[in-house]
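J.: Below you'll find run.pdb; it's PDB, C-alpha atoms and all ligand atoms.
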```pdb
ATOM      1  CA  MET A   1      28.472 -10.297 -60.662  1.00  0.00           C
ATOM      2  CA  GLN A   2      27.513 -11.717 -57.319  1.00  0.00           C
ATOM      3  CA  HIS A   3      24.120 -10.974 -55.786  1.00  0.00           C
ATOM      4  CA  VAL A   4      24.418  -8.648 -52.758  1.00  0.00           C
ATOM      5  CA  ALA A   5      21.523  -7.894 -50.448  1.00  0.00           C
ATOM      6  CA  LEU A   6      20.829  -4.176 -49.966  1.00  0.00           C
ATOM      7  CA  GLU A   7      21.313  -4.537 -46.188  1.00  0.00           C
ATOM      8  CA  ASP A   8      24.776  -6.012 -46.782  1.00  0.00           C
ATOM      9  CA  LEU A   9      25.606  -3.292 -49.271  1.00  0.00           C
ATOM     10  CA  VAL A  10      24.901  -0.463 -46.821  1.00  0.00           C
ATOM     11  CA  SER A  11      25.862  -2.197 -43.567  1.00  0.00           C
ATOM     12  CA  GLY A  12      29.469  -1.020 -43.647  1.00  0.00           C
ATOM     13  CA  PHE A  13      28.684   2.565 -44.540  1.00  0.00           C
ATOM     14  CA  THR A  14      30.466   5.203 -42.486  1.00  0.00           C
ATOM     15  CA  THR A  15      30.825   8.949 -42.919  1.00  0.00           C
ATOM     16  CA  GLU A  16      34.574   8.286 -43.297  1.00  0.00           C
ATOM     17  CA  LEU A  17      33.663   7.387 -46.885  1.00  0.00           C
ATOM     18  CA  LEU A  18      32.656  11.000 -47.507  1.00  0.00           C
ATOM     19  CA  ASP A  19      35.188  13.655 -48.528  1.00  0.00           C
ATOM     20  CA  GLU A  20      35.697  15.885 -45.460  1.00  0.00           C
ATOM     21  CA  ASP A  21      36.988  18.828 -47.524  1.00  0.00           C
ATOM     22  CA  LYS A  22      33.946  18.778 -49.793  1.00  0.00           C
ATOM     23  CA  CYS A  23      31.584  18.403 -46.844  1.00  0.00           C
ATOM     24  CA  ARG A  24      33.252  21.352 -45.025  1.00  0.00           C
ATOM     25  CA  ARG A  25      32.886  23.553 -48.067  1.00  0.00           C
ATOM     26  CA  TRP A  26      29.270  22.441 -48.570  1.00  0.00           C
ATOM     27  CA  VAL A  27      28.387  23.303 -44.955  1.00  0.00           C
ATOM     28  CA  LEU A  28      30.254  26.618 -44.952  1.00  0.00           C
ATOM     29  CA  GLU A  29      28.726  27.742 -48.239  1.00  0.00           C
ATOM     30  CA  ARG A  30      25.301  27.166 -46.705  1.00  0.00           C
ATOM     31  CA  LEU A  31      26.193  28.873 -43.432  1.00  0.00           C
ATOM     32  CA  PHE A  32      27.592  31.940 -45.200  1.00  0.00           C
ATOM     33  CA  PRO A  33      25.641  32.307 -48.465  1.00  0.00           C
ATOM     34  CA  GLU A  34      26.251  36.040 -48.675  1.00  0.00           C
ATOM     35  CA  GLY A  35      29.887  36.058 -47.721  1.00  0.00           C
ATOM     36  CA  VAL A  36      31.954  35.917 -44.572  1.00  0.00           C
ATOM     37  CA  ALA A  37      32.584  38.721 -42.126  1.00  0.00           C
ATOM     38  CA  CYS A  38      34.736  38.919 -39.008  1.00  0.00           C
ATOM     39  CA  PRO A  39      32.540  37.804 -36.054  1.00  0.00           C
ATOM     40  CA  MET A  40      34.134  40.497 -33.851  1.00  0.00           C
ATOM     41  CA  CYS A  41      34.097  43.639 -36.012  1.00  0.00           C
ATOM     42  CA  GLY A  42      31.973  42.687 -39.032  1.00  0.00           C
ATOM     43  CA  HIS A  43      34.680  43.470 -41.576  1.00  0.00           C
ATOM     44  CA  PRO A  44      34.129  41.369 -44.728  1.00  0.00           C
ATOM     45  CA  LEU A  45      36.700  38.633 -45.249  1.00  0.00           C
ATOM     46  CA  PRO A  46      38.748  39.542 -48.330  1.00  0.00           C
ATOM     47  CA  GLU A  47      38.251  37.269 -51.340  1.00  0.00           C
ATOM     48  CA  LYS A  48      41.914  36.231 -51.261  1.00  0.00           C
ATOM     49  CA  ARG A  49      41.366  34.731 -47.787  1.00  0.00           C
ATOM     50  CA  MET A  50      38.282  32.674 -48.688  1.00  0.00           C
ATOM     51  CA  GLU A  51      40.185  29.498 -49.606  1.00  0.00           C
ATOM     52  CA  ARG A  52      41.827  29.553 -46.190  1.00  0.00           C
ATOM     53  CA  PHE A  53      38.370  30.046 -44.643  1.00  0.00           C
ATOM     54  CA  TYR A  54      36.962  27.079 -46.565  1.00  0.00           C
ATOM     55  CA  SER A  55      39.950  24.970 -45.495  1.00  0.00           C
ATOM     56  CA  GLY A  56      38.742  25.289 -41.887  1.00  0.00           C
ATOM     57  CA  ARG A  57      41.960  26.839 -40.599  1.00  0.00           C
ATOM     58  CA  VAL A  58      42.070  29.754 -38.164  1.00  0.00           C
ATOM     59  CA  ASN A  59      41.208  33.041 -39.881  1.00  0.00           C
ATOM     60  CA  PHE A  60      42.776  36.462 -39.405  1.00  0.00           C
ATOM     61  CA  CYS A  61      40.839  39.711 -39.696  1.00  0.00           C
ATOM     62  CA  PRO A  62      42.924  42.376 -41.450  1.00  0.00           C
ATOM     63  CA  GLU A  63      40.788  45.112 -39.878  1.00  0.00           C
ATOM     64  CA  CYS A  64      40.754  44.332 -36.123  1.00  0.00           C
ATOM     65  CA  LYS A  65      43.812  42.022 -36.309  1.00  0.00           C
ATOM     66  CA  ARG A  66      42.077  39.237 -34.360  1.00  0.00           C
ATOM     67  CA  LYS A  67      41.969  35.544 -35.141  1.00  0.00           C
ATOM     68  CA  TYR A  68      38.831  33.447 -35.233  1.00  0.00           C
ATOM     69  CA  ARG A  69      37.785  29.913 -36.007  1.00  0.00           C
ATOM     70  CA  THR A  70      35.553  29.267 -38.988  1.00  0.00           C
ATOM     71  CA  LEU A  71      32.441  28.373 -36.982  1.00  0.00           C
ATOM     72  CA  ARG A  72      32.799  31.131 -34.377  1.00  0.00           C
ATOM     73  CA  GLY A  73      29.539  32.963 -33.856  1.00  0.00           C
ATOM     74  CA  THR A  74      27.463  30.130 -35.342  1.00  0.00           C
ATOM     75  CA  PRO A  75      25.379  27.487 -33.530  1.00  0.00           C
ATOM     76  CA  LEU A  76      27.857  24.877 -34.819  1.00  0.00           C
ATOM     77  CA  ARG A  77      30.852  26.363 -32.958  1.00  0.00           C
ATOM     78  CA  GLY A  78      32.709  23.898 -30.762  1.00  0.00           C
ATOM     79  CA  THR A  79      31.060  20.803 -32.177  1.00  0.00           C
ATOM     80  CA  HIS A  80      33.142  17.633 -32.165  1.00  0.00           C
ATOM     81  CA  PHE A  81      31.376  16.215 -35.197  1.00  0.00           C
ATOM     82  CA  THR A  82      33.217  16.110 -38.496  1.00  0.00           C
ATOM     83  CA  TYR A  83      31.770  18.066 -41.395  1.00  0.00           C
ATOM     84  CA  ALA A  84      30.897  14.743 -43.022  1.00  0.00           C
ATOM     85  CA  ASP A  85      28.936  13.853 -39.874  1.00  0.00           C
ATOM     86  CA  ILE A  86      27.179  17.233 -39.959  1.00  0.00           C
ATOM     87  CA  VAL A  87      26.175  16.733 -43.604  1.00  0.00           C
ATOM     88  CA  MET A  88      24.919  13.210 -42.919  1.00  0.00           C
ATOM     89  CA  ILE A  89      22.998  14.221 -39.787  1.00  0.00           C
ATOM     90  CA  ALA A  90      21.390  17.179 -41.590  1.00  0.00           C
ATOM     91  CA  LEU A  91      20.471  14.984 -44.545  1.00  0.00           C
ATOM     92  CA  LEU A  92      19.071  12.066 -42.550  1.00  0.00           C
ATOM     93  CA  THR A  93      17.239  14.420 -40.177  1.00  0.00           C
ATOM     94  CA  SER A  94      15.585  16.108 -43.152  1.00  0.00           C
ATOM     95  CA  PHE A  95      14.515  12.631 -44.338  1.00  0.00           C
ATOM     96  CA  GLY A  96      12.888  12.022 -40.958  1.00  0.00           C
ATOM     97  CA  CYS A  97      15.228   9.219 -39.863  1.00  0.00           C
ATOM     98  CA  HIS A  98      15.209   8.173 -36.213  1.00  0.00           C
ATOM     99  CA  VAL A  99      17.994   9.637 -34.099  1.00  0.00           C
ATOM    100  CA  ASN A 100      19.324   6.187 -33.158  1.00  0.00           C
ATOM    101  CA  ASP A 101      19.544   5.149 -36.813  1.00  0.00           C
ATOM    102  CA  ILE A 102      21.448   8.348 -37.567  1.00  0.00           C
ATOM    103  CA  GLY A 103      23.703   7.649 -34.590  1.00  0.00           C
ATOM    104  CA  ARG A 104      24.628   4.233 -35.994  1.00  0.00           C
ATOM    105  CA  ILE A 105      25.660   5.770 -39.305  1.00  0.00           C
ATOM    106  CA  VAL A 106      27.744   8.598 -37.828  1.00  0.00           C
ATOM    107  CA  ASN A 107      29.047   6.363 -35.037  1.00  0.00           C
ATOM    108  CA  HIS A 108      27.811   8.586 -32.206  1.00  0.00           C
ATOM    109  CA  LEU A 109      25.239   8.008 -29.483  1.00  0.00           C
ATOM    110  CA  GLY A 110      21.690   9.280 -29.912  1.00  0.00           C
ATOM    111  CA  PRO A 111      22.007  12.104 -27.339  1.00  0.00           C
ATOM    112  CA  ALA A 112      25.045  13.508 -29.158  1.00  0.00           C
ATOM    113  CA  VAL A 113      23.154  13.395 -32.444  1.00  0.00           C
ATOM    114  CA  LYS A 114      20.182  15.110 -30.794  1.00  0.00           C
ATOM    115  CA  GLY A 115      22.538  17.850 -29.610  1.00  0.00           C
ATOM    116  CA  LEU A 116      23.727  18.483 -33.139  1.00  0.00           C
ATOM    117  CA  GLN A 117      20.144  18.405 -34.413  1.00  0.00           C
ATOM    118  CA  ARG A 118      19.324  21.180 -31.910  1.00  0.00           C
ATOM    119  CA  ARG A 119      22.249  23.195 -33.268  1.00  0.00           C
ATOM    120  CA  LEU A 120      21.043  22.651 -36.831  1.00  0.00           C
ATOM    121  CA  HIS A 121      17.541  23.752 -35.874  1.00  0.00           C
ATOM    122  CA  ALA A 122      19.022  26.829 -34.164  1.00  0.00           C
ATOM    123  CA  LEU A 123      20.446  27.814 -37.542  1.00  0.00           C
ATOM    124  CA  SER A 124      16.950  28.306 -38.882  1.00  0.00           C
ATOM    125  CA  GLU A 125      15.751  30.217 -35.821  1.00  0.00           C
ATOM    126  CA  LYS A 126      18.182  33.112 -35.776  1.00  0.00           C
ATOM    127  CA  PRO A 127      21.178  34.063 -37.849  1.00  0.00           C
ATOM    128  CA  PRO A 128      24.613  33.500 -36.306  1.00  0.00           C
ATOM    129  CA  ARG A 129      26.348  36.573 -34.870  1.00  0.00           C
ATOM    130  CA  ASN A 130      28.567  36.700 -37.918  1.00  0.00           C
ATOM    131  CA  LYS A 131      27.324  39.746 -39.799  1.00  0.00           C
ATOM    132  CA  GLY A 132      27.937  38.057 -43.125  1.00  0.00           C
ATOM    133  CA  VAL A 133      25.077  35.653 -42.497  1.00  0.00           C
ATOM    134  CA  THR A 134      21.478  36.448 -43.197  1.00  0.00           C
ATOM    135  CA  GLN A 135      20.087  32.986 -43.897  1.00  0.00           C
ATOM    136  CA  ASN A 136      20.990  29.328 -44.105  1.00  0.00           C
ATOM    137  CA  ASN A 137      19.810  26.419 -46.159  1.00  0.00           C
ATOM    138  CA  PHE A 138      19.703  23.573 -43.638  1.00  0.00           C
TER     139      PHE A 138
HETATM  140 ZN    ZN B 201      37.643  41.929 -37.304  1.00  0.00          ZN
END
```
Once you've parsed the file, please lay out its structure as structure tokens.
Ligand SMILES: [Zn+2]

T.:
Amino acid sequence: MQHVALEDLVSGFTTELLDEDKCRRWVLERLFPEGVACPMCGHPLPEKRMERFYSGRVNFCPECKRKYRTLRGTPLRGTHFTYADIVMIALLTSFGCHVNDIGRIVNHLGPAVKGLQRRLHALSEKPPRNKGVTQNNF
């Protein structure tokens, strides 16, 4: 085996190496630890619709008949980061990494990373409007 310096080993790392489906599920399970409810009427999402929810597709409420995106009513709504980026930013932020270092890894500029960090911090300040949420683990 050839000797490889640690810097060379990690230099090509990108969040594209992470499994987006697993990262989405990981984030959503932490955002909705006590189940998912319609952000408009509060009706619990039926168990048979949870896989669709975890797939990130548009959801349909059988009670009020309205559609909603998975992150609606949460501080992460409308973000352009991938779920892999969100996981990496949350992880590296919790390790105390500098915003510019995080930006290099997720391939976004520091101000964009700071914006997501504010959203992540907002998760711990107040629960999202979704009535199924009472806490988060970020
Ligand atoms: Zn509803």

J.: What residues have any atom no more than 6 Å from ligand ZN 201 (chain B) when counting only C-alpha atoms and all ligand atoms, and can you list them as a ChimeraX atom specification?

T.: /A:38,40-43,61,63-64,66

J.: Please, what distance in Å, to one decimal, runs between CA of Arg30 in chain A and CA of Leu116 in chain A?

T.: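 Result for CA of Arg30 in chain A versus CA of Leu116 in chain A: 16.2 Å, one decimal.
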
J.: Sort by chain and increasing residue number a table of all residues of range 3-95 of chain A within 12 Å of range 102-114 of chain A, each with its closest pair of atoms and their distance in Å to one decimal, counting all atoms listed in the file, and write it as a Markdown table.

T.:
```
| residue | atom | partner | partner_atom | distance |
| --- | --- | --- | --- | --- |
| A:Val10 | CA | A:Ile105 | CA | 9.8 |
| A:Ser11 | CA | A:Ile105 | CA | 9.0 |
| A:Gly12 | CA | A:Ile105 | CA | 8.9 |
| A:Phe13 | CA | A:Ile105 | CA | 6.8 |
| A:Thr14 | CA | A:Ile105 | CA | 5.8 |
| A:Thr15 | CA | A:Val106 | CA | 6.0 |
| A:Glu16 | CA | A:Val106 | CA | 8.8 |
| A:Leu17 | CA | A:Val106 | CA | 10.9 |
| A:Leu18 | CA | A:Val106 | CA | 11.1 |
| A:Thr79 | CA | A:Ala112 | CA | 9.9 |
| A:His80 | CA | A:Ala112 | CA | 9.6 |
| A:Phe81 | CA | A:Val106 | CA | 8.8 |
| A:Thr82 | CA | A:Val106 | CA | 9.3 |
| A:Tyr83 | CA | A:Val106 | CA | 10.9 |
| A:Ala84 | CA | A:Val106 | CA | 8.6 |
| A:Asp85 | CA | A:Val106 | CA | 5.8 |
| A:Ile86 | CA | A:Val106 | CA | 8.9 |
| A:Val87 | CA | A:Val106 | CA | 10.1 |
| A:Met88 | CA | A:Val106 | CA | 7.4 |
| A:Ile89 | CA | A:Ile102 | CA | 6.5 |
| A:Ala90 | CA | A:Ile102 | CA | 9.7 |
| A:Leu91 | CA | A:Ile102 | CA | 9.7 |
| A:Leu92 | CA | A:Ile102 | CA | 6.7 |
| A:Thr93 | CA | A:Ile102 | CA | 7.8 |
| A:Ser94 | CA | A:Ile102 | CA | 11.2 |
| A:Phe95 | CA | A:Ile102 | CA | 10.6 |
```

J.: For Glu29 in chain A, which residue out of A:Leu9, A:Met50, A:Val58, A:Leu45 is the nearest one, using only C-alpha atoms?

T.: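 That would be A:Met50, the residue with the smallest distance to Glu29 in chain A.
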
J.: Just to confirm, what's the straight-line distance from CA of His3 in chain A to CA of Asn100 in chain A in Å (one decimal)?

T.: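 According to the coordinates, CA of His3 in chain A and CA of Asn100 in chain A are separated by 28.8 Å.
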
J.: Of the residues A:Thr70, A:Glu125, A:Leu76, A:Cys97, which is the one nearest to Ala37 in chain A, using only C-alpha atoms?

T.: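 Among A:Thr70, A:Glu125, A:Leu76, A:Cys97, it is A:Thr70 that comes nearest to Ala37 in chain A.
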
J.: Report the distance between CA of Arg69 in chain A and CA of Gly56 in chain A in Å, rounded to one decimal place.

T.: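 Value for the CA of Arg69 in chain A-CA of Gly56 in chain A distance: 7.5 Å.
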
J.: I need the residue nearest Leu123 in chain A from this list: A:Trp26, A:Tyr54, A:Gly73, A:Glu47. Use all atoms listed in the file for the distance.

T.: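 Ranked by minimum distance to Leu123 in chain A, first place goes to A:Gly73.
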
J.: Let me make sure I understand: among A:Lys48, A:Ser55, A:Gly96, A:Val4, which one has the smallest atom-to-atom distance to Leu28 in chain A if we use all atoms listed in the file?

T.: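 Among the listed residues, the smallest separation from Leu28 in chain A belongs to A:Ser55.
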
J.: Would you mind telling me which residue in A:Met1, A:Leu6, A:Cys23, A:Val36 lies nearest to Thr74 in chain A when using only C-alpha atoms?

T.: A:Val36

J.: Report as an MDAnalysis selection string all protein, DNA and RNA residues lying within 12 Å of Arg57 in chain A, evaluated on only C-alpha atoms, omitting residues in the same chain fewer than 3 positions from it.

T.: chainID A and resid 21 24 49:54 60 67:72
